[in-house]
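Colleague: So that we are looking at the same thing, I have put the structure below in structure tokens.
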Amino acid sequence: MTLSTVAYAGASSHQPASAAAAVRLFSLTNKFALNNHRDNRSTTSKVVHLVRHAEGTHNLSEEESKLPAHFDATLTPRGVEQCERLALRTKDLRVDAVLVSPLTRCLETSRLSFPHLHDVDVDPSNDKNALVPFVAHEEWRETVNYLCDCRRPTCVLEESYPRVSFGRLAHDHDPIWARYEKMHGSYADHTSMRESNDPDHLYKRAHSAWRALLDRPERNLALVGHSAFFMHMFTPLFEELEGVVQYEDDGVRDLMTAGRFDNCELRSVLVDIPI
């Protein structure tokens, strides 16, 4: 069985909320699910290490975070230190691919938190397929409300992060910001929330994000993303977003509903397709 198709494009109209079923989450202490994964009795399950980006400049002040100065916010010195501490843990994880939001704070977090996978010398005589892929996913980016949530053009990101594949980004310029700019006007015209007031679109994007993850061939993934987008799936504020994920045991429910992710926090789960 595969996930129900929920096509995603940043500027397209949303599909009905009934278009997809919930992704199943298990704790890594669930011996039945974990043994099925390890013994390949479940060929669709994946271990996923979810990481929220480290502290960004926009995290220092809620009010200032909305200002143009924090466009596609970067990490603070403290955020860099958080990544260095997390790197001491990630080196012991099995990770076959790193999926990452295309916002700068996540790209930096992925680079600094997984240096043993990222900072690999590329020998032209070697097969590049041996490298652990770092792949940018538009679907996994933060809810797009303020300029700190707006991304830079793909051509600029490719130059800044040559180790990351941006091939999944269908547009050079930010398609989600363009969607809401068309609806609400520029930042000067509309300084309040945008995508967070559009739960149907968030629901669609959340399902597309899980589909993209579960369609990966690798079975052990790291995902570097954002607190608010995680929150909309794991502890949704809107009725429209209920049912994006389904908790299959108390352990994973307690883990994922314990509160919003802290900067550079890592939580690991087993994920499988709907049944």
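Ligands are numbered from 1 in the order shown, residues from 1 within each chain, and chains are lettered A, B, ... in the order they appear in the structure tokens.
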Could you list, as a PyMOL selection string, every residue within 6 Å of A:Val224, counting only C-alpha atoms and ignoring same-chain residues fewer than 2 positions away?
Modeller: chain A and resi 51-52+100+106
Colleague: Would you put the residues from that selection into a file with N, CA and C atoms, as a tab-separated table (two decimals), in the first residue's frame?
Modeller:
```
chain	number	residue	atom	x	y	z
A	51	VAL	N	14.78	16.82	13.89
A	51	VAL	CA	15.56	17.85	14.56
A	51	VAL	C	14.97	19.21	14.22
A	52	ARG	N	14.73	20.01	15.27
A	52	ARG	CA	14.38	21.40	15.00
A	52	ARG	C	15.68	22.19	14.80
A	100	VAL	N	16.04	18.20	4.59
A	100	VAL	CA	16.19	19.49	5.25
A	100	VAL	C	15.31	20.54	4.59
A	106	CYS	N	17.87	25.99	8.79
A	106	CYS	CA	17.87	24.53	8.75
A	106	CYS	C	19.05	23.98	7.95
```
Colleague: Apply DSSP to the backbone of this structure and, from stretch 65-190 of chain A, keep only the residues in alpha helix (DSSP H); write these as a PyMOL selection string.
Modeller: chain A and resi 77-90+104-113+115-118+154-160+175-184
Colleague: Next, dump the selected residues to file, keeping only C-alpha atoms, as an mmCIF file, in the first residue's frame.
Modeller:
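Once written, selection.cif looks like this:
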```cif
data_model
loop_
_atom_site.group_PDB
_atom_site.id
_atom_site.type_symbol
_atom_site.label_atom_id
_atom_site.label_comp_id
_atom_site.auth_asym_id
_atom_site.auth_seq_id
_atom_site.Cartn_x
_atom_site.Cartn_y
_atom_site.Cartn_z
ATOM 1 C CA PRO A 77 26.479 32.103 17.811
ATOM 2 C CA ARG A 78 24.508 30.200 20.437
ATOM 3 C CA GLY A 79 22.763 28.295 17.657
ATOM 4 C CA VAL A 80 26.129 27.239 16.251
ATOM 5 C CA GLU A 81 27.137 25.954 19.707
ATOM 6 C CA GLN A 82 23.874 24.003 19.949
ATOM 7 C CA CYS A 83 24.699 22.270 16.662
ATOM 8 C CA GLU A 84 28.179 21.394 17.864
ATOM 9 C CA ARG A 85 26.703 19.734 20.954
ATOM 10 C CA LEU A 86 24.120 17.855 18.903
ATOM 11 C CA ALA A 87 26.873 16.617 16.570
ATOM 12 C CA LEU A 88 28.304 14.641 19.503
ATOM 13 C CA ARG A 89 25.069 12.606 19.495
ATOM 14 C CA THR A 90 24.360 12.332 15.781
ATOM 15 C CA THR A 104 18.989 28.948 5.873
ATOM 16 C CA ARG A 105 18.662 28.156 9.580
ATOM 17 C CA CYS A 106 17.865 24.526 8.747
ATOM 18 C CA LEU A 107 20.544 24.204 6.090
ATOM 19 C CA GLU A 108 23.108 25.504 8.583
ATOM 20 C CA THR A 109 21.789 23.203 11.297
ATOM 21 C CA SER A 110 22.056 20.164 9.036
ATOM 22 C CA ARG A 111 25.616 21.073 8.039
ATOM 23 C CA LEU A 112 26.820 21.689 11.594
ATOM 24 C CA SER A 113 24.858 18.940 13.353
ATOM 25 C CA PRO A 115 29.460 17.156 10.081
ATOM 26 C CA HIS A 116 30.583 13.525 9.858
ATOM 27 C CA LEU A 117 28.142 13.099 6.953
ATOM 28 C CA HIS A 118 28.320 16.568 5.432
ATOM 29 C CA THR A 154 17.314 28.354 -5.281
ATOM 30 C CA CYS A 155 20.257 29.544 -7.384
ATOM 31 C CA VAL A 156 21.655 31.381 -4.343
ATOM 32 C CA LEU A 157 21.123 28.376 -2.057
ATOM 33 C CA GLU A 158 22.856 26.059 -4.509
ATOM 34 C CA GLU A 159 25.913 28.297 -4.497
ATOM 35 C CA SER A 160 25.954 28.543 -0.689
ATOM 36 C CA PRO A 175 6.400 29.724 -4.242
ATOM 37 C CA ILE A 176 4.677 29.702 -0.853
ATOM 38 C CA TRP A 177 5.508 33.315 -0.050
ATOM 39 C CA ALA A 178 4.321 34.202 -3.567
ATOM 40 C CA ARG A 179 1.020 32.416 -2.884
ATOM 41 C CA TYR A 180 0.312 34.507 0.207
ATOM 42 C CA GLU A 181 1.654 37.711 -1.271
ATOM 43 C CA LYS A 182 -0.908 37.260 -4.026
ATOM 44 C CA MET A 183 -3.618 36.732 -1.402
ATOM 45 C CA HIS A 184 -2.610 39.369 1.167
#
```
Colleague: Using only C-alpha atoms, which of the listed residues (A:Leu241, A:Met231, A:Leu169, A:Val48) sits closest to A:Asp198?
Modeller: A:Leu241
Colleague: Please list as number ranges by chain every residue within 6 Å of stretch 267-270 of chain A, counting only C-alpha atoms and excluding residues in the same chain fewer than 2 positions away.
Modeller: A: 25-28, 46-50
Colleague: Could you give me, as a ChimeraX atom specification, the residues within 9 Å of stretch 139-147 of chain A, counting only C-alpha atoms and dropping anything in the same chain fewer than 5 positions from it?
Modeller: /A:8-10,65-73,99-103,106,176-177,180,187,191-197,202,205-210,212,223-230
Colleague: Tell me which protein, DNA and RNA residues are within 6 Å of A:Val23, counting only C-alpha atoms, leaving out same-chain ones fewer than 5 positions away, and put them as JSON, numbers by chain.
Modeller: {"A": [245, 246, 273, 274]}
Colleague: Keeping only N, CA and C atoms, write the selected residues as a tab-separated table (two decimals), in the first residue's frame.
Modeller:
```
chain	number	residue	atom	x	y	z
A	245	VAL	N	-1.08	12.61	11.60
A	245	VAL	CA	-0.35	11.46	12.13
A	245	VAL	C	-1.25	10.69	13.08
A	246	GLN	N	-0.92	9.43	13.26
A	246	GLN	CA	-1.65	8.57	14.19
A	246	GLN	C	-0.64	7.93	15.13
A	273	ILE	N	3.55	3.80	6.68
A	273	ILE	CA	2.43	4.29	5.88
A	273	ILE	C	1.10	3.91	6.54
A	274	PRO	N	0.01	4.55	6.12
A	274	PRO	CA	-1.31	4.17	6.64
A	274	PRO	C	-1.68	2.75	6.25
```
Colleague: Quick one: distance from atom CA of A:Asp272 to atom CA of A:Val132 in Å, one decimal?
Modeller: 21.8 Å
Colleague: As a PyMOL selection string, please: the residues near A:Pro153 (cut-off 8 Å, only C-alpha atoms, same-chain neighbours under 4 positions excluded).
Modeller: chain A and resi 157+172-174
Colleague: Export N, CA and C atoms of the chosen residues as a PDB file, in the first residue's frame?
Modeller:
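Written out: part_32.pdb:
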```
ATOM      1  N   LEU A 157      20.931  29.488  -2.997  1.00  0.00           N
ATOM      2  CA  LEU A 157      21.123  28.376  -2.057  1.00  0.00           C
ATOM      3  C   LEU A 157      22.085  27.334  -2.615  1.00  0.00           C
ATOM      4  N   ASP A 172      12.591  28.707  -8.606  1.00  0.00           N
ATOM      5  CA  ASP A 172      13.773  29.413  -8.128  1.00  0.00           C
ATOM      6  C   ASP A 172      13.404  30.329  -6.965  1.00  0.00           C
ATOM      7  N   HIS A 173      12.316  31.067  -7.139  1.00  0.00           N
ATOM      8  CA  HIS A 173      11.867  31.958  -6.072  1.00  0.00           C
ATOM      9  C   HIS A 173      10.804  31.265  -5.223  1.00  0.00           C
ATOM     10  N   ASP A 174      10.584  31.792  -4.062  1.00  0.00           N
ATOM     11  CA  ASP A 174       9.748  31.168  -3.038  1.00  0.00           C
ATOM     12  C   ASP A 174       8.288  31.065  -3.481  1.00  0.00           C
TER      13      ASP A 174
END
```
Colleague: For each of A:Arg24, A:Arg152, A:Leu131, A:Pro162, take the minimum atom-to-atom distance to A:Phe234, counting only C-alpha atoms, then give the residue where this is smallest.
Modeller: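 The closest residue to A:Phe234 is A:Arg24.
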Colleague: Please determine, counting only C-alpha atoms, which residue among A:Val271, A:Thr235, A:Gly167, A:Asp119 has the shortest atom-to-atom distance to A:Glu138.
Modeller: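 Of A:Val271, A:Thr235, A:Gly167, A:Asp119, the one nearest A:Glu138, counting only C-alpha atoms, is A:Gly167.
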Colleague: For A:Leu255, which residue out of A:Pro199, A:Asn35, A:Thr29, A:His53 is the nearest one, using only C-alpha atoms?
Modeller: A:Thr29
Colleague: Quick one: residues within 7 Å of A:Phe134, only C-alpha atoms, excluding same-chain residues fewer than 2 positions away - as a list of chain:residue names?
Modeller: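 These residues fall inside the cut-off: A:Ala97, A:Val98, A:Leu99, A:Val132, A:Ala136, A:Arg163, A:Val164, A:Ser165.
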Colleague: How about saving the chosen residues, N, CA and C atoms kept, as an mmCIF file, in the first residue's frame?
Modeller:
```
data_model
loop_
_atom_site.group_PDB
_atom_site.id
_atom_site.type_symbol
_atom_site.label_atom_id
_atom_site.label_comp_id
_atom_site.auth_asym_id
_atom_site.auth_seq_id
_atom_site.Cartn_x
_atom_site.Cartn_y
_atom_site.Cartn_z
ATOM 1 N N ALA A 97 20.194 9.270 4.884
ATOM 2 C CA ALA A 97 19.923 10.486 4.129
ATOM 3 C C ALA A 97 19.463 11.559 5.111
ATOM 4 N N VAL A 98 19.766 12.819 4.784
ATOM 5 C CA VAL A 98 19.355 13.953 5.604
ATOM 6 C C VAL A 98 18.416 14.814 4.763
ATOM 7 N N LEU A 99 17.168 14.921 5.206
ATOM 8 C CA LEU A 99 16.188 15.782 4.552
ATOM 9 C C LEU A 99 16.146 17.096 5.309
ATOM 10 N N VAL A 132 26.292 10.191 1.780
ATOM 11 C CA VAL A 132 24.941 10.322 2.333
ATOM 12 C C VAL A 132 24.304 11.568 1.745
ATOM 13 N N ALA A 136 17.074 19.031 0.032
ATOM 14 C CA ALA A 136 16.158 20.090 0.454
ATOM 15 C C ALA A 136 14.737 19.757 0.013
ATOM 16 N N ARG A 163 26.761 20.973 -1.149
ATOM 17 C CA ARG A 163 26.608 19.579 -0.701
ATOM 18 C C ARG A 163 25.140 19.140 -0.674
ATOM 19 N N VAL A 164 24.229 20.105 -0.758
ATOM 20 C CA VAL A 164 22.792 19.827 -0.668
ATOM 21 C C VAL A 164 22.191 19.767 -2.069
ATOM 22 N N SER A 165 21.321 18.789 -2.284
ATOM 23 C CA SER A 165 20.577 18.710 -3.537
ATOM 24 C C SER A 165 19.303 19.550 -3.429
#
```
Colleague: Give the strand (DSSP E) residues of stretch 78-184 of chain A, as assigned by DSSP on the backbone, as an MDAnalysis selection string.
Modeller: chainID A and resid 97:100 134:136 164:165
Colleague: Can you write out the residues you just picked, keeping N, CA, C and O atoms, as a short mmCIF file (atom, residue, chain, number, x, y, z; two decimals), in the first residue's frame?
Modeller:
```cif
data_model
loop_
_atom_site.label_atom_id
_atom_site.label_comp_id
_atom_site.auth_asym_id
_atom_site.auth_seq_id
_atom_site.Cartn_x
_atom_site.Cartn_y
_atom_site.Cartn_z
N ALA A 97 20.19 9.27 4.88
CA ALA A 97 19.92 10.49 4.13
C ALA A 97 19.46 11.56 5.11
O ALA A 97 18.84 11.25 6.13
N VAL A 98 19.77 12.82 4.78
CA VAL A 98 19.35 13.95 5.60
C VAL A 98 18.42 14.81 4.76
O VAL A 98 18.81 15.34 3.72
N LEU A 99 17.17 14.92 5.21
CA LEU A 99 16.19 15.78 4.55
C LEU A 99 16.15 17.10 5.31
O LEU A 99 16.18 17.10 6.55
N VAL A 100 16.04 18.20 4.59
CA VAL A 100 16.19 19.49 5.25
C VAL A 100 15.31 20.54 4.59
O VAL A 100 15.15 20.56 3.37
N PHE A 134 22.13 14.88 1.18
CA PHE A 134 21.43 15.96 1.87
C PHE A 134 20.46 16.54 0.84
O PHE A 134 20.89 17.01 -0.23
N VAL A 135 19.16 16.52 1.14
CA VAL A 135 18.15 16.86 0.15
C VAL A 135 17.19 17.90 0.72
O VAL A 135 16.57 17.69 1.77
N ALA A 136 17.07 19.03 0.03
CA ALA A 136 16.16 20.09 0.45
C ALA A 136 14.74 19.76 0.01
O ALA A 136 14.51 19.34 -1.13
N VAL A 164 24.23 20.10 -0.76
CA VAL A 164 22.79 19.83 -0.67
C VAL A 164 22.19 19.77 -2.07
O VAL A 164 22.50 20.60 -2.93
N SER A 165 21.32 18.79 -2.28
CA SER A 165 20.58 18.71 -3.54
C SER A 165 19.30 19.55 -3.43
O SER A 165 18.49 19.35 -2.51
#
```
Colleague: Select, from A:Asn263, A:Thr76, A:Thr257, A:Asn220, the residue with the minimum atom-to-atom distance to A:Leu93, counting only C-alpha atoms.
Modeller: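 Result for the nearest residue to A:Leu93: A:Asn220.
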Colleague: What gap, in Å, lies between atom CA of A:Cys148 and atom CA of A:Glu55?
Modeller: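 So the answer is 12.7 Å.
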Colleague: Mind pulling up the distance from atom CA of A:Tyr247 to atom CA of A:Arg38?
Modeller: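 Calculated distance between atom CA of A:Arg38 and atom CA of A:Tyr247 is 20.0 Å.
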